[in-house]
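As stored in model.tsv (TSV, C-alpha atoms):
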```tsv
chain	number	residue	atom	x	y	z
C	17	ALA	CA	107.68	96.42	96.18
C	18	GLY	CA	108.49	92.74	96.46
C	19	GLY	CA	104.99	91.67	97.41
C	20	LYS	CA	101.29	92.14	97.17
C	21	CYS	CA	98.47	92.76	99.58
C	22	GLY	CA	95.43	90.49	99.43
C	23	LEU	CA	91.91	91.05	100.73
C	24	CYS	CA	89.46	88.22	101.20
C	25	PHE	CA	86.47	87.04	103.15
C	26	CYS	CA	86.98	84.84	106.19
C	27	PRO	CA	88.62	81.53	105.19
C	28	GLY	CA	86.34	78.62	106.02
C	29	LYS	CA	83.28	80.89	105.99
C	30	THR	CA	80.14	78.80	106.35
C	31	VAL	CA	76.69	80.37	106.67
C	32	THR	CA	73.30	79.20	105.51
C	33	ARG	CA	72.26	82.71	104.54
C	34	ASP	CA	74.51	85.76	104.54
C	35	ARG	CA	73.43	89.39	104.35
C	36	GLY	CA	73.31	89.19	100.58
C	37	GLY	CA	71.06	86.14	100.73
C	38	GLY	CA	73.77	83.70	99.65
C	39	LEU	CA	74.90	80.31	100.89
C	40	TRP	CA	78.54	79.84	101.88
C	41	SER	CA	80.13	76.47	102.57
C	42	ARG	CA	83.92	76.73	102.67
C	43	ASP	CA	86.51	74.36	104.09
C	44	LEU	CA	89.01	76.13	106.36
C	45	ALA	CA	91.94	73.78	105.77
C	46	THR	CA	91.44	73.91	102.01
C	47	ASP	CA	91.22	77.71	101.98
C	48	LEU	CA	94.34	78.11	104.13
C	49	ALA	CA	96.28	75.64	101.98
C	50	ALA	CA	95.27	77.57	98.87
C	51	LEU	CA	96.39	80.85	100.41
C	52	ARG	CA	99.75	79.37	101.40
C	53	ALA	CA	100.22	77.85	97.95
C	54	ALA	CA	99.65	81.33	96.53
C	55	GLY	CA	102.57	82.64	98.58
C	56	VAL	CA	100.70	84.11	101.54
C	57	THR	CA	102.78	84.01	104.70
C	58	GLN	CA	100.82	86.39	106.95
C	59	LEU	CA	97.06	86.49	107.50
C	60	VAL	CA	95.49	89.32	109.49
C	61	CYS	CA	92.09	88.53	111.02
C	62	LEU	CA	89.97	91.58	111.81
C	63	LEU	CA	87.07	89.66	113.39
C	64	ASN	CA	86.28	89.06	117.03
C	65	PRO	CA	85.73	85.52	118.39
C	66	SER	CA	81.94	85.86	118.26
C	67	GLU	CA	82.05	86.79	114.57
C	68	LEU	CA	84.37	83.87	113.81
C	69	ARG	CA	81.99	81.48	115.56
C	70	SER	CA	79.06	82.90	113.55
C	71	LEU	CA	80.97	81.84	110.42
C	72	HIS	CA	81.65	78.37	111.88
C	73	VAL	CA	85.34	79.07	112.43
C	74	ASP	CA	86.58	78.00	115.89
C	75	PRO	CA	88.47	81.04	117.27
C	76	LYS	CA	90.52	78.88	119.65
C	77	ALA	CA	91.60	76.46	116.93
C	78	TYR	CA	92.13	79.10	114.23
C	79	PRO	CA	95.76	79.99	115.15
C	80	GLY	CA	96.69	76.30	115.12
C	81	ASN	CA	94.96	75.80	111.79
C	82	CYS	CA	97.06	78.62	110.35
C	83	ARG	CA	100.28	77.23	111.81
C	84	LYS	CA	99.58	73.89	110.16
C	85	ALA	CA	99.26	75.74	106.85
C	86	ARG	CA	102.56	77.57	107.58
C	87	ILE	CA	100.80	80.93	107.79
C	88	GLN	CA	101.33	83.43	110.59
C	89	LEU	CA	98.01	84.63	112.01
C	90	ARG	CA	97.77	88.14	113.40
C	91	GLN	CA	94.57	89.34	115.05
C	92	LEU	CA	93.34	92.91	115.30
C	93	GLU	CA	89.70	93.05	116.36
C	94	ILE	CA	87.77	95.83	114.65
C	95	ILE	CA	84.07	96.45	115.22
C	96	GLU	CA	82.10	96.14	112.01
C	97	GLY	CA	81.69	99.52	110.31
C	98	ALA	CA	84.32	101.15	112.54
C	99	GLY	CA	88.08	101.58	112.65
C	100	PRO	CA	90.64	100.07	115.02
C	101	THR	CA	90.19	101.07	118.66
C	102	CYS	CA	93.82	100.88	119.70
C	103	SER	CA	95.76	104.13	120.05
C	104	MET	CA	96.97	105.70	116.82
C	105	ASP	CA	100.57	105.22	117.97
C	106	ASP	CA	99.96	101.50	118.46
C	107	PHE	CA	98.20	101.24	115.12
C	108	ALA	CA	101.06	103.05	113.39
C	109	SER	CA	103.56	100.63	114.93
C	110	LEU	CA	101.49	97.71	113.67
C	111	MET	CA	101.36	99.19	110.18
C	112	ASP	CA	105.15	99.62	110.31
C	113	GLU	CA	105.41	95.87	110.93
C	114	PHE	CA	103.10	95.08	108.04
C	115	ALA	CA	105.00	97.43	105.75
C	116	ALA	CA	108.48	96.14	106.65
C	117	PRO	CA	108.59	93.21	104.16
C	118	PHE	CA	107.66	95.56	101.32
C	119	LEU	CA	110.17	98.20	102.38
C	120	ASN	CA	112.96	95.68	102.90
C	121	ALA	CA	112.37	94.06	99.52
C	122	SER	CA	113.29	97.13	97.48
C	123	THR	CA	115.10	100.39	98.00
C	124	GLU	CA	112.43	101.95	95.79
C	125	ALA	CA	109.52	100.64	97.86
C	126	THR	CA	108.16	104.09	98.65
C	127	ALA	CA	107.75	105.03	94.98
C	128	PRO	CA	104.11	105.35	93.86
C	129	GLY	CA	102.58	102.23	92.38
C	130	THR	CA	104.76	99.65	94.15
C	131	LEU	CA	101.91	97.98	96.05
C	132	SER	CA	99.33	95.84	94.26
C	133	VAL	CA	96.03	94.73	95.72
C	134	ALA	CA	94.79	91.33	94.70
C	135	ALA	CA	91.35	89.93	95.45
C	136	PRO	CA	91.44	86.13	95.24
C	137	ALA	CA	89.31	84.38	92.64
C	138	GLY	CA	87.98	80.93	93.45
C	139	ALA	CA	86.41	77.96	91.72
C	140	GLY	CA	82.83	76.89	92.14
C	141	THR	CA	81.22	80.27	92.69
C	142	GLN	CA	77.64	80.50	91.53
C	143	GLY	CA	76.93	84.22	91.68
C	144	ALA	CA	77.12	87.06	94.14
C	145	GLY	CA	77.07	85.83	97.73
C	146	VAL	CA	77.35	82.16	96.80
C	147	ALA	CA	80.70	80.44	97.19
C	148	GLY	CA	81.84	76.86	97.02
C	149	GLY	CA	84.50	74.69	95.43
C	150	THR	CA	88.06	74.17	96.51
C	151	GLY	CA	89.87	77.14	94.95
C	152	PRO	CA	91.33	80.08	96.86
C	153	PRO	CA	88.73	82.12	98.81
C	154	HIS	CA	86.62	84.21	96.47
C	155	ALA	CA	86.01	87.70	97.76
C	156	VAL	CA	82.44	88.63	96.90
C	157	SER	CA	82.04	92.26	95.85
C	158	GLU	CA	80.01	94.42	93.52
C	159	GLU	CA	82.83	94.21	91.00
C	160	GLU	CA	84.63	91.21	89.52
C	161	PRO	CA	87.75	90.67	91.67
C	162	SER	CA	91.23	90.80	90.23
C	163	ASP	CA	92.87	87.62	88.95
C	164	GLU	CA	96.25	88.62	90.38
C	165	PHE	CA	95.94	86.58	93.57
C	166	GLY	CA	98.12	83.75	92.31
C	167	ALA	CA	101.10	86.09	92.46
C	168	VAL	CA	100.47	87.40	95.97
C	169	GLN	CA	103.57	87.33	98.16
C	170	GLY	CA	103.06	88.70	101.62
C	171	ILE	CA	100.02	89.72	103.56
C	172	VAL	CA	96.26	89.15	103.36
C	173	PHE	CA	93.69	91.03	105.44
C	174	HIS	CA	90.33	89.41	106.08
C	175	CYS	CA	87.09	90.41	107.72
C	176	ARG	CA	83.68	88.88	106.95
C	177	GLY	CA	83.54	89.86	103.29
C	178	GLY	CA	86.94	91.42	102.62
C	179	VAL	CA	85.59	94.88	101.80
C	180	GLY	CA	85.06	97.27	104.74
C	181	ARG	CA	87.56	96.56	107.49
C	182	ALA	CA	90.00	94.79	105.18
C	183	GLY	CA	89.73	97.70	102.76
C	184	LEU	CA	90.56	100.14	105.55
C	185	MET	CA	93.74	98.22	106.38
C	186	ALA	CA	94.84	98.05	102.75
C	187	ALA	CA	94.23	101.78	102.30
C	188	CYS	CA	96.39	102.50	105.34
C	189	LEU	CA	99.13	100.21	104.07
C	190	ALA	CA	99.09	102.07	100.74
C	191	LEU	CA	99.59	105.32	102.67
C	192	ARG	CA	102.42	103.85	104.72
C	193	LEU	CA	104.25	102.68	101.59
C	194	GLY	CA	103.81	105.95	99.76
C	195	VAL	CA	101.74	104.39	97.00
C	196	VAL	CA	99.31	107.29	97.51
C	197	THR	CA	99.89	110.62	99.24
C	198	SER	CA	96.52	111.47	100.79
C	199	SER	CA	93.78	109.57	102.57
C	200	ALA	CA	91.22	110.52	99.94
C	201	ALA	CA	93.52	109.06	97.27
C	202	ALA	CA	94.04	105.91	99.39
C	203	VAL	CA	90.30	105.28	99.65
C	204	SER	CA	89.81	105.94	95.94
C	205	TRP	CA	92.77	103.69	95.11
C	206	ILE	CA	91.43	100.70	97.05
C	207	ARG	CA	87.88	101.18	95.73
C	208	LYS	CA	89.12	101.11	92.15
C	209	ARG	CA	91.06	97.90	92.77
C	210	ARG	CA	88.80	96.04	95.19
C	211	SER	CA	85.22	97.27	95.22
C	212	LYS	CA	83.44	100.60	95.05
C	213	THR	CA	82.10	99.83	98.54
C	214	ALA	CA	85.54	99.21	100.08
C	215	VAL	CA	86.14	101.26	103.25
C	216	GLU	CA	82.41	101.09	103.75
C	217	THR	CA	81.52	103.74	106.31
C	218	SER	CA	82.25	107.36	107.18
C	219	LYS	CA	83.87	106.15	110.42
C	220	GLN	CA	86.28	104.01	108.44
C	221	GLU	CA	87.04	106.89	106.07
C	222	ALA	CA	87.69	109.11	109.10
C	223	PHE	CA	90.13	106.59	110.51
C	224	VAL	CA	92.10	106.56	107.25
C	225	ASP	CA	92.09	110.38	107.42
C	226	HIS	CA	93.56	110.36	110.91
C	227	TYR	CA	96.21	107.82	110.00
C	228	ALA	CA	97.23	110.05	107.10
C	229	VAL	CA	97.49	113.02	109.49
C	230	HIS	CA	99.60	110.86	111.82
C	231	LEU	CA	101.97	110.21	108.91
C	232	GLY	CA	102.11	113.93	108.12
C	233	LEU	CA	100.11	113.52	104.92
C	234	PRO	CA	97.09	115.51	103.72
C	235	THR	CA	93.62	114.06	103.79
C	236	GLY	CA	92.16	115.68	100.71
C	237	ARG	CA	89.04	116.54	102.70
C	238	PRO	CA	88.11	118.07	106.10
C	239	VAL	CA	88.93	115.83	109.06
C	240	PRO	CA	86.21	115.40	111.71
C	241	SER	CA	87.06	115.61	115.41
C	242	TRP	CA	88.80	112.53	116.72
C	243	ARG	CA	87.72	110.65	119.80
C	244	ARG	CA	89.77	107.62	120.64
C	245	PRO	CA	87.71	104.67	121.91
C	246	ALA	CA	88.94	102.22	124.54
C	247	PRO	CA	91.96	100.18	123.41
C	248	ALA	CA	91.51	96.72	121.89
C	249	ALA	CA	94.04	93.92	122.20
C	250	VAL	CA	96.46	93.25	119.34
C	251	HIS	CA	97.65	89.66	119.35
C	252	GLY	CA	100.84	88.50	117.71
```
How would this structure read if it were set down as structure tokens?
Amino acid sequence: AGGKCGLCFCPGKTVTRDRGGGLWSRDLATDLAALRAAGVTQLVCLLNPSELRSLHVDPKAYPGNCRKARIQLRQLEIIEGAGPTCSMDDFASLMDEFAAPFLNASTEATAPGTLSVAAPAGAGTQGAGVAGGTGPPHAVSEEEPSDEFGAVQGIVFHCRGGVGRAGLMAACLALRLGVVTSSAAAVSWIRKRRSKTAVETSKQEAFVDHYAVHLGLPTGRPVPSWRRPAPAAVHG
């Protein structure tokens, strides 16, 4: 539908030992330049400032770093393992914004199969949880990521590892564009293309369910009761 959706770990991610036992030493400017060279114009950060600092990314300087790379940074803080805490109406409006470039690019954008998910492959990786080199960010997962990232035009979602929260957002975008017609299909779709652990938790699955209901679509499974947490800020 005139573009692709990318998922990746946090650009510039630097940790001496991540949860998988790996060493990460990325350069933020290099990662952002690689994303922009690949056609990415919008980057959506799903981390809070504390998480960014834990990955040695300065949250105050991050928007400016993205502007220098000619990438628009959007920020939607999501607690790890959970879904967005803004109202569903606000979330739906945000998804409408993310979907607009795809919908405007083709009059057939709502036909199934028009959205592709690309997980960026990078140079210098030395196994699961270990990343280096100067290529585009490499999204570590239990499956080998797609090599389609060079053709990405549009939007990239990132959390820490590009699987749970980023997977949730991509699943919701697939629902919004009509690529899939139920939340269960959306979760299955993103897991087949990204990682079998994408949309990691039952809370995240439930959020995709409720977004589907908001769109008037079936879930494909029973929907648990919905309690809306306190709103979180969405920054443009």
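Residues lying at most 9 Å from (99.2, 82.2, 108.5) in file coordinates, with only C-alpha atoms considered, are C:Leu48, C:Leu51, C:Arg52, C:Val56, C:Thr57, C:Gln58, C:Leu59, C:Val60, C:Pro79, C:Asn81, C:Cys82, C:Arg83, C:Lys84, C:Ala85, C:Arg86, C:Ile87, C:Gln88, C:Leu89, C:Arg90.
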Practice task
Name all residues at most 12 Å from Val203 (chain C) (count only C-alpha atoms; drop same-chain ones fewer than 6 positions away) and give them as a PyMOL selection string.
Solution key: chain C and resi 179-180+182-191+195-197+209-218+220-225+228+235-237
Exercise for the section: Please tell me which residues are no farther than 7 Å from (85.7, 81.9, 107.9) in the file, counting all atoms listed in the file, and write them as a list in words. Expected result: Cys26, Pro27, Gly28, Lys29, Thr30, Leu44, Leu68, Leu71, His72 and Val73 of chain C
Problem - Which residue of C:Pro117, C:Arg176, C:Ile171, C:Thr46 approaches Cys21 (chain C) most closely, using all atoms listed in the file - result: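 Closest to Cys21 (chain C) of all the choices is C:Ile171.
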Exercise for the section: Take CA of Gly170 (chain C) and CA of Cys24 (chain C) and report the distance between them in Å, one decimal. Expected result: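 Answer for the CA of Gly170 (chain C) to CA of Cys24 (chain C) separation: 13.6 Å.
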Exercise for the section: For each of C:Ala53, C:Arg192, C:Ser198, C:Asp47, take the minimum atom-to-atom distance to Ser109 (chain C), counting all atoms listed in the file, then give the residue where this is smallest. Expected result: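 Looking only at the distances to Ser109 (chain C), the closest residue turns out to be C:Arg192.
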Practice task
Quick one: pull the distance between CA of Gly38 (chain C) and CA of Ser70 (chain C), Å, one decimal.
Solution key: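 Between these atoms lies a distance of 14.9 Å.
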Exercise for the section: Could you tell me which of C:Phe107, C:Ala54, C:Arg69, C:Ile95 comes closest to Val31 (chain C) if we count only C-alpha atoms? Expected result: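 Ranked by minimum distance to Val31 (chain C), first place goes to C:Arg69.
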